[in-house]
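*Asks:* Provided below: target_15.cif, containing mmCIF, C-alpha atoms.
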data_final
loop_
_atom_site.label_atom_id
_atom_site.label_comp_id
_atom_site.auth_asym_id
_atom_site.auth_seq_id
_atom_site.Cartn_x
_atom_site.Cartn_y
_atom_site.Cartn_z
CA MET A 1 -65.80 -22.29 -17.80
CA ILE A 2 -63.01 -24.59 -16.65
CA SER A 3 -59.69 -22.77 -16.41
CA ARG A 4 -56.51 -23.56 -18.31
CA ARG A 5 -54.77 -24.06 -14.98
CA ASN A 6 -57.20 -26.86 -14.15
CA ILE A 7 -56.59 -28.31 -17.61
CA ARG A 8 -52.83 -28.30 -16.94
CA VAL A 9 -53.39 -30.09 -13.63
CA LYS A 10 -55.41 -32.82 -15.36
CA VAL A 11 -52.71 -33.24 -18.00
CA MET A 12 -50.04 -33.41 -15.28
CA GLN A 13 -52.02 -36.07 -13.40
CA THR A 14 -52.46 -38.07 -16.60
CA LEU A 15 -48.75 -37.91 -17.42
CA TYR A 16 -47.89 -38.98 -13.88
CA ALA A 17 -50.30 -41.91 -14.12
CA LEU A 18 -48.67 -42.96 -17.40
CA GLU A 19 -45.21 -42.76 -15.80
CA THR A 20 -46.26 -45.15 -13.04
CA MET A 21 -47.93 -47.68 -15.34
CA GLU A 22 -46.32 -50.81 -16.72
CA GLN A 23 -45.35 -50.04 -20.30
CA SER A 24 -47.09 -53.22 -21.45
CA ASN A 25 -50.37 -51.79 -20.15
CA ILE A 26 -50.10 -48.59 -22.18
CA LYS A 27 -51.97 -49.14 -25.43
CA PRO A 28 -52.82 -46.69 -28.22
CA GLY A 29 -55.44 -44.34 -26.81
CA THR A 30 -54.57 -45.01 -23.15
CA ALA A 31 -53.33 -41.45 -22.57
CA THR A 32 -56.41 -39.73 -23.96
CA ARG A 33 -58.69 -42.21 -22.17
CA LEU A 34 -57.06 -41.39 -18.82
CA LEU A 35 -57.27 -37.66 -19.55
CA ASN A 36 -60.94 -37.90 -20.47
CA GLU A 37 -61.64 -39.73 -17.21
CA LYS A 38 -60.01 -36.94 -15.21
CA LEU A 39 -61.85 -34.22 -17.12
CA ASP A 40 -65.11 -36.13 -16.70
CA GLN A 41 -64.59 -36.17 -12.96
CA THR A 42 -64.46 -32.36 -12.94
CA CYS A 43 -67.88 -32.33 -14.63
CA GLN A 44 -69.11 -34.96 -12.18
CA ILE A 45 -68.03 -32.89 -9.19
CA PHE A 46 -69.80 -29.78 -10.48
CA THR A 47 -73.02 -31.72 -11.06
CA TYR A 48 -72.71 -33.44 -7.69
CA LEU A 49 -72.22 -30.17 -5.80
CA LEU A 50 -75.26 -28.55 -7.38
CA ASN A 51 -77.26 -31.68 -6.65
CA SER A 52 -76.12 -31.49 -3.02
CA VAL A 53 -77.34 -27.89 -2.77
CA VAL A 54 -80.67 -29.02 -4.22
CA GLN A 55 -80.98 -31.95 -1.84
CA VAL A 56 -80.23 -29.87 1.24
CA ALA A 57 -82.92 -27.40 0.22
CA GLN A 58 -85.44 -30.10 -0.67
CA TYR A 59 -84.86 -31.81 2.66
CA ALA A 60 -87.36 -29.29 4.06
CA GLU A 61 -90.13 -31.40 2.54
CA ILE A 62 -88.73 -34.61 4.05
CA ASP A 63 -88.47 -32.88 7.42
CA ALA A 64 -92.05 -31.64 7.18
CA GLN A 65 -93.39 -35.09 6.27
CA THR A 66 -91.36 -36.85 8.95
CA ARG A 67 -92.43 -34.52 11.70
CA ALA A 68 -96.07 -34.46 10.62
CA SER A 69 -96.20 -38.28 10.67
CA LYS A 70 -95.24 -38.51 14.33
CA HIS A 71 -97.73 -40.29 16.57
CA LEU A 72 -98.37 -37.06 18.45
CA PRO A 73 -97.01 -34.20 16.35
CA SER A 74 -96.68 -30.85 18.05
CA ALA A 75 -97.92 -27.58 16.58
CA GLU A 76 -94.32 -26.87 15.57
CA ASP A 77 -94.11 -30.25 13.84
CA LEU A 78 -97.13 -29.37 11.75
CA GLN A 79 -95.80 -25.96 10.73
CA VAL A 80 -92.44 -26.73 9.14
CA ASN A 81 -91.77 -24.09 6.51
CA THR A 82 -91.04 -25.67 3.12
CA LYS A 83 -90.59 -22.46 1.15
CA ILE A 84 -87.01 -23.30 0.17
CA ALA A 85 -88.05 -26.56 -1.49
CA GLY A 86 -89.94 -24.50 -4.07
CA ASN A 87 -87.01 -22.23 -4.82
CA GLU A 88 -87.09 -21.22 -8.49
CA PHE A 89 -83.39 -21.91 -8.95
CA ILE A 90 -83.93 -25.46 -7.75
CA TYR A 91 -86.56 -25.90 -10.44
CA GLN A 92 -84.20 -24.48 -13.04
CA ILE A 93 -81.44 -26.90 -12.02
CA THR A 94 -83.57 -30.02 -11.75
CA SER A 95 -85.45 -29.36 -15.00
CA ASP A 96 -82.23 -29.01 -16.98
CA LYS A 97 -81.99 -32.05 -19.27
CA GLY A 98 -78.20 -32.03 -19.18
CA PHE A 99 -78.25 -32.07 -15.39
CA GLN A 100 -80.61 -35.05 -15.39
CA VAL A 101 -78.50 -36.89 -17.97
CA ASN A 102 -75.40 -36.43 -15.79
CA LEU A 103 -77.20 -37.65 -12.67
CA GLU A 104 -78.33 -40.76 -14.47
CA GLN A 105 -75.06 -41.38 -16.29
CA TRP A 106 -72.97 -41.17 -13.13
CA LYS A 107 -75.63 -42.66 -10.82
CA MET A 108 -75.17 -39.74 -8.44
CA LYS A 109 -78.50 -40.22 -6.71
CA LEU A 110 -77.16 -43.48 -5.33
CA GLN A 111 -74.30 -41.65 -3.60
CA THR A 112 -76.59 -39.65 -1.34
CA ASP A 113 -75.77 -39.84 2.36
CA ASP A 114 -79.14 -39.28 4.06
CA ASP A 115 -77.64 -38.82 7.51
CA LEU A 116 -75.22 -36.18 6.21
CA LEU A 117 -78.03 -34.39 4.35
CA ARG A 118 -80.10 -34.26 7.51
CA LYS A 119 -77.20 -32.77 9.46
CA LEU A 120 -76.50 -30.18 6.78
CA TYR A 121 -80.18 -29.24 6.64
CA ASN A 122 -80.31 -28.85 10.42
CA GLN A 123 -77.27 -26.58 10.25
CA LEU A 124 -79.02 -24.51 7.62
CA ILE A 125 -82.31 -24.01 9.44
CA ALA A 126 -80.46 -22.86 12.56
CA THR A 127 -78.89 -19.90 10.74
CA ASP A 128 -80.16 -16.33 10.78
CA ALA A 129 -79.95 -16.22 6.98
CA TYR A 130 -82.40 -19.10 6.65
CA LYS A 131 -84.76 -17.69 9.27
CA ALA A 132 -84.81 -14.37 7.43
CA TYR A 133 -85.48 -16.18 4.14
CA ILE A 134 -88.54 -18.10 5.36
CA ALA A 135 -89.84 -15.06 7.25
CA ASP A 136 -90.11 -13.18 3.96
CA GLY A 137 -93.43 -14.11 2.41
CA ASN A 138 -92.31 -12.98 -1.02
CA ARG A 139 -90.06 -14.67 -3.54
CA THR A 140 -87.51 -12.46 -5.28
CA LYS A 141 -84.92 -13.58 -7.78
CA ALA A 142 -82.17 -12.15 -5.63
CA GLY A 143 -83.47 -13.81 -2.48
CA GLU A 144 -83.88 -17.19 -4.15
CA LYS A 145 -80.33 -17.02 -5.51
CA GLU A 146 -78.79 -15.79 -2.27
CA ILE A 147 -80.14 -18.61 -0.10
CA LEU A 148 -78.77 -21.29 -2.44
CA GLU A 149 -75.41 -19.51 -2.60
CA PHE A 150 -75.51 -19.44 1.19
CA ILE A 151 -76.07 -23.21 1.31
CA TYR A 152 -72.97 -23.79 -0.79
CA LYS A 153 -70.63 -21.19 0.69
CA GLU A 154 -71.63 -21.31 4.35
CA ILE A 155 -72.99 -24.83 4.84
CA LEU A 156 -71.38 -27.24 2.36
CA ALA A 157 -68.02 -25.53 1.89
CA LYS A 158 -67.52 -25.06 5.65
CA SER A 159 -68.74 -28.48 6.75
CA GLU A 160 -65.89 -30.84 7.68
CA PRO A 161 -68.09 -33.95 7.27
CA PHE A 162 -69.16 -32.80 3.80
CA GLN A 163 -65.58 -32.03 2.79
CA GLN A 164 -64.56 -35.48 3.98
CA HIS A 165 -67.46 -36.96 2.04
CA MET A 166 -66.22 -35.23 -1.12
CA GLU A 167 -62.68 -36.52 -0.57
CA ASP A 168 -64.02 -40.04 -0.10
CA THR A 169 -66.24 -39.81 -3.19
CA PHE A 170 -63.91 -38.04 -5.63
CA LEU A 171 -60.23 -38.95 -5.78
CA HIS A 172 -58.98 -35.51 -6.86
CA TRP A 173 -61.51 -33.33 -5.02
CA GLY A 174 -58.71 -31.19 -3.57
CA ASP A 175 -57.54 -30.23 -7.06
CA ASP A 176 -60.98 -29.03 -8.14
CA GLU A 177 -62.31 -27.51 -4.92
CA GLU A 178 -61.17 -23.92 -5.48
CA MET A 179 -62.34 -23.86 -9.09
CA MET A 180 -65.71 -25.33 -8.10
CA GLY A 181 -66.41 -22.35 -5.88
CA ILE A 182 -65.93 -20.11 -8.91
CA LEU A 183 -68.06 -22.32 -11.16
CA ILE A 184 -70.92 -22.52 -8.65
CA ASN A 185 -70.87 -18.75 -8.25
CA ASN A 186 -70.85 -18.26 -12.02
CA TYR A 187 -73.73 -20.70 -12.41
CA PHE A 188 -76.01 -18.84 -10.00
CA ASN A 189 -75.18 -15.54 -11.70
CA LYS A 190 -75.73 -16.80 -15.27
CA PRO A 191 -77.32 -20.28 -15.25
CA HIS A 192 -78.53 -19.92 -18.84
CA LEU A 193 -74.92 -19.94 -20.08
CA PHE A 194 -74.14 -23.38 -18.63
CA ASN A 195 -74.26 -26.59 -20.60
CA PHE A 196 -73.99 -29.51 -18.19
CA LEU A 197 -73.04 -31.82 -21.05
CA GLN A 198 -70.16 -29.59 -22.19
CA LEU A 199 -68.60 -27.77 -19.25
CA ILE A 200 -65.26 -27.84 -21.07
CA SER A 201 -65.17 -25.80 -24.26
CA LYS A 202 -63.92 -27.43 -27.45
CA GLU A 203 -60.96 -25.02 -27.46
CA LYS A 204 -59.83 -26.10 -23.99
CA LEU A 205 -60.53 -29.76 -24.67
CA ASP A 206 -58.38 -29.55 -27.81
CA TYR A 207 -55.67 -27.78 -25.80
CA ALA A 208 -55.71 -30.49 -23.13
CA LYS A 209 -55.38 -33.33 -25.63
CA GLU A 210 -52.77 -31.51 -27.71
CA LEU A 211 -50.65 -30.73 -24.63
CA LEU A 212 -50.84 -34.32 -23.40
CA LEU A 213 -49.96 -35.87 -26.75
CA THR A 214 -47.22 -33.31 -27.46
CA VAL A 215 -45.48 -34.00 -24.15
CA THR A 216 -45.62 -37.76 -24.68
CA ASP A 217 -44.42 -37.43 -28.28
CA LYS A 218 -41.64 -34.89 -27.62
CA LYS A 219 -40.49 -36.26 -24.26
CA GLU A 220 -37.00 -37.28 -25.40
CA TYR A 221 -36.37 -33.94 -27.08
CA CYS A 222 -37.60 -32.06 -23.99
CA LEU A 223 -35.24 -34.08 -21.79
CA GLU A 224 -32.35 -33.21 -24.11
CA LEU A 225 -33.09 -29.55 -23.39
CA ILE A 226 -33.73 -29.98 -19.66
CA LYS A 227 -30.92 -32.29 -18.50
CA PRO A 228 -27.98 -29.99 -19.40
CA LYS A 229 -29.56 -27.28 -17.22
CA LEU A 230 -29.69 -29.48 -14.15
CA GLN A 231 -25.91 -29.08 -13.55
CA ASN A 232 -25.18 -30.79 -10.24
CA TRP A 233 -28.69 -32.19 -9.97
CA ASP A 234 -29.20 -35.89 -10.54
CA SER A 235 -32.16 -36.07 -12.92
CA GLU A 236 -33.11 -39.44 -11.42
CA ARG A 237 -33.52 -37.86 -7.98
CA ILE A 238 -35.53 -34.81 -9.06
CA ALA A 239 -39.20 -34.99 -8.10
CA ALA A 240 -41.18 -36.71 -10.85
CA VAL A 241 -43.77 -33.94 -10.82
CA ASP A 242 -41.05 -31.32 -11.34
CA MET A 243 -39.76 -33.15 -14.42
CA LEU A 244 -43.26 -33.44 -15.86
CA LEU A 245 -44.00 -29.77 -15.28
CA MET A 246 -40.75 -28.76 -16.98
CA GLU A 247 -41.54 -30.99 -19.96
CA MET A 248 -44.98 -29.41 -20.21
CA GLY A 249 -43.47 -25.93 -19.97
CA VAL A 250 -40.92 -26.61 -22.72
CA CYS A 251 -43.66 -27.96 -24.98
CA GLU A 252 -45.71 -24.80 -24.45
CA PHE A 253 -42.68 -22.68 -25.38
CA LEU A 254 -42.16 -24.58 -28.62
CA TYR A 255 -45.50 -25.89 -29.81
CA PHE A 256 -48.23 -23.58 -28.47
CA PRO A 257 -47.72 -20.27 -30.28
CA THR A 258 -50.70 -18.46 -28.74
CA ILE A 259 -49.58 -18.96 -25.12
CA PRO A 260 -47.14 -16.21 -24.01
CA THR A 261 -43.90 -17.55 -22.50
CA LYS A 262 -44.39 -15.45 -19.38
CA VAL A 263 -47.79 -17.04 -18.80
CA THR A 264 -46.28 -20.50 -19.22
CA ILE A 265 -43.49 -19.89 -16.70
CA ASN A 266 -45.81 -18.33 -14.11
CA GLU A 267 -48.35 -21.14 -14.45
CA TYR A 268 -45.80 -23.90 -13.95
CA ILE A 269 -44.17 -22.09 -11.02
CA ASP A 270 -47.58 -21.97 -9.32
CA LEU A 271 -48.30 -25.63 -10.09
CA ALA A 272 -44.90 -26.65 -8.74
CA LYS A 273 -45.58 -24.80 -5.49
CA ALA A 274 -48.97 -26.44 -5.18
CA TYR A 275 -48.12 -30.00 -6.19
CA SER A 276 -44.43 -30.58 -5.51
CA THR A 277 -41.80 -29.59 -2.92
CA PRO A 278 -41.44 -26.17 -1.23
CA GLN A 279 -38.35 -25.44 -3.36
CA SER A 280 -39.89 -26.61 -6.64
CA GLY A 281 -41.31 -23.26 -7.72
CA GLN A 282 -37.93 -21.52 -7.61
CA PHE A 283 -36.21 -24.54 -9.16
CA ILE A 284 -38.59 -24.75 -12.11
CA ASN A 285 -38.47 -20.99 -12.61
CA GLY A 286 -34.69 -21.12 -13.01
CA ILE A 287 -34.63 -24.11 -15.34
CA LEU A 288 -37.44 -22.94 -17.62
CA ASP A 289 -36.02 -19.42 -17.78
CA ASN A 290 -32.60 -20.75 -18.84
CA ILE A 291 -34.10 -23.05 -21.45
CA LEU A 292 -36.24 -20.22 -22.81
CA LYS A 293 -33.22 -17.95 -23.25
CA ASP A 294 -31.44 -20.64 -25.28
CA LEU A 295 -34.50 -21.33 -27.42
CA GLU A 296 -35.00 -17.62 -28.11
CA LYS A 297 -31.33 -17.24 -29.13
CA GLU A 298 -31.85 -20.01 -31.66
CA GLN A 299 -35.14 -18.37 -32.72
CA LEU A 300 -37.05 -21.56 -31.96
CA VAL A 301 -39.82 -19.80 -30.01
CA GLN A 302 -42.42 -18.36 -32.35
CA LYS A 303 -45.34 -16.70 -30.61
CA GLN A 304 -48.40 -15.04 -32.08
CA ASP A 305 -51.47 -13.28 -30.77
CA ARG A 306 -54.39 -15.52 -29.95
CA PRO A 307 -57.08 -15.03 -32.61
CA LYS A 308 -60.01 -12.94 -31.49
CA LYS A 309 -63.44 -14.53 -31.57
#
What do you get writing this file as structure tokens?
*Replies:*
Amino acid sequence: MISRRNIRVKVMQTLYALETMEQSNIKPGTATRLLNEKLDQTCQIFTYLLNSVVQVAQYAEIDAQTRASKHLPSAEDLQVNTKIAGNEFIYQITSDKGFQVNLEQWKMKLQTDDDLLRKLYNQLIATDAYKAYIADGNRTKAGEKEILEFIYKEILAKSEPFQQHMEDTFLHWGDDEEMMGILINNYFNKPHLFNFLQLISKEKLDYAKELLLTVTDKKEYCLELIKPKLQNWDSERIAAVDMLLMEMGVCEFLYFPTIPTKVTINEYIDLAKAYSTPQSGQFINGILDNILKDLEKEQLVQKQDRPKK
């Protein structure tokens, strides 16, 4: 469910964190601990976003109670439609044991911003999509799904205050935001396939740890291959992220036989463009391509088809 690109980003972030740490603070297991923390945050964000969708929808009940408890409630106050609070997808989410475990484990309920929820709910009820939803006296699976998708795509994702809230709450929200849109969409299409306690498959988790530990273990060898290709470049002045991405790329060439070399190069070009300087994509493309040619001449790159499941 979580892409290999996102895995590579988490490994890159972990390697960068290790580079900036005092060597005396790096103990056995530090690298994998940092990686696990970053992967955990991806799972936290997914759970938090779904919980935010739920809370916006359930705010209809809070609104109804608040308005009905006024000293002199109007007829409108007494007729707040709470249909969305009973949405079947909300029940499916909130009754999931894994979802509840995550909420408790990460204390997400304590992060709720009531004022922000109220504003998001008010944005929702002002939309034509919401008005059409409550005007329909029937509940259909498609209609129930569509209104929750609408809350995420049109209310949460387009709300500047909510986006700021996510940045303030999760350090690397920007790295996960695009993928979260895909995950949320996939969840509403096939919720029965999701395991909140294992959003990262064992295969990808093993890949993440193996890539991290391989880069740290083979760093000196990778630098021996990279530095001669830098020509007039001073390796000390090259962006740290660029060096890490090249080390990761070289390790994939040599030690990950099921990942095609073309995939590796394209992935690290894209990551360089996204996380380093404007020229980094072209720079990394040239260096990795030159290294690959040398490795292939020496028959050091051995690739094989990924086994079918």
*Asks:* Between A:Leu254, A:Met248, A:Ala31, A:Ile287, single out the one closest to A:Leu271, counting all atoms listed in the file.
*Replies:* A:Met248
*Asks:* Distance atom CA of A:Asn232-atom CA of A:Met246, one decimal place?
*Replies:*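 Taking atom CA of A:Asn232 as the start and atom CA of A:Met246 as the end point, the length is 17.1 Å.
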*Asks:* Could you check how far atom CA of A:Arg8 sits from atom CA of A:Ala208, in Å to one decimal?
*Replies:*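 Between atom CA of A:Arg8 and atom CA of A:Ala208 the gap works out to 7.2 Å.
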*Asks:* Hey, what comes out of the PyMOL selection byres ((chain A and resi 93-96) around 9) on this file? Could you write it as number ranges by chain?
*Replies:* A: 50-51, 54, 88-92, 97-101, 191, 196
*Asks:* Applying the PyMOL selection byres ((chain A and resi 241) around 8) to the file I just gave you, which residues come out? Please list them as a PDB file with C-alpha atoms, keeping the file's coordinate frame.
*Replies:*
ATOM      1  CA  MET A  12     -50.040 -33.410 -15.280  1.00  0.00           C
ATOM      2  CA  TYR A  16     -47.890 -38.980 -13.880  1.00  0.00           C
ATOM      3  CA  ALA A 239     -39.200 -34.990  -8.100  1.00  0.00           C
ATOM      4  CA  ALA A 240     -41.180 -36.710 -10.850  1.00  0.00           C
ATOM      5  CA  ASP A 242     -41.050 -31.320 -11.340  1.00  0.00           C
ATOM      6  CA  MET A 243     -39.760 -33.150 -14.420  1.00  0.00           C
ATOM      7  CA  LEU A 244     -43.260 -33.440 -15.860  1.00  0.00           C
ATOM      8  CA  LEU A 245     -44.000 -29.770 -15.280  1.00  0.00           C
ATOM      9  CA  ALA A 272     -44.900 -26.650  -8.740  1.00  0.00           C
ATOM     10  CA  TYR A 275     -48.120 -30.000  -6.190  1.00  0.00           C
ATOM     11  CA  SER A 276     -44.430 -30.580  -5.510  1.00  0.00           C
TER      12      SER A 276
END
*Asks:* Give as a list in words the residues that the PyMOL selection byres ((chain A and resi 77) around 10) matches when applied to the coordinates above.
*Replies:*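 Evaluating the PyMOL selection byres ((chain A and resi 77) around 10) on these coordinates yields Asp63, Ala64, Gln65, Thr66, Arg67, Ala68, Ser69, Lys70, Leu72, Pro73, Ser74, Ala75, Glu76, Leu78, Gln79, Val80 and Asn81 of chain A.
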*Asks:* Neighbours of A:Leu110 within 12 Å (all atoms listed in the file; same-chain residues fewer than 4 positions away dropped), as an MDAnalysis selection string?
*Replies:* chainID A and resid 48 51 103:106 114 169
*Asks:* Of the candidates A:Arg4, A:Arg139, A:Lys38, A:His192, which shows the shortest atom-to-atom distance to A:Asn87, using only C-alpha atoms?
*Replies:*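 Using only C-alpha atoms, the shortest distance to A:Asn87 belongs to A:Arg139.
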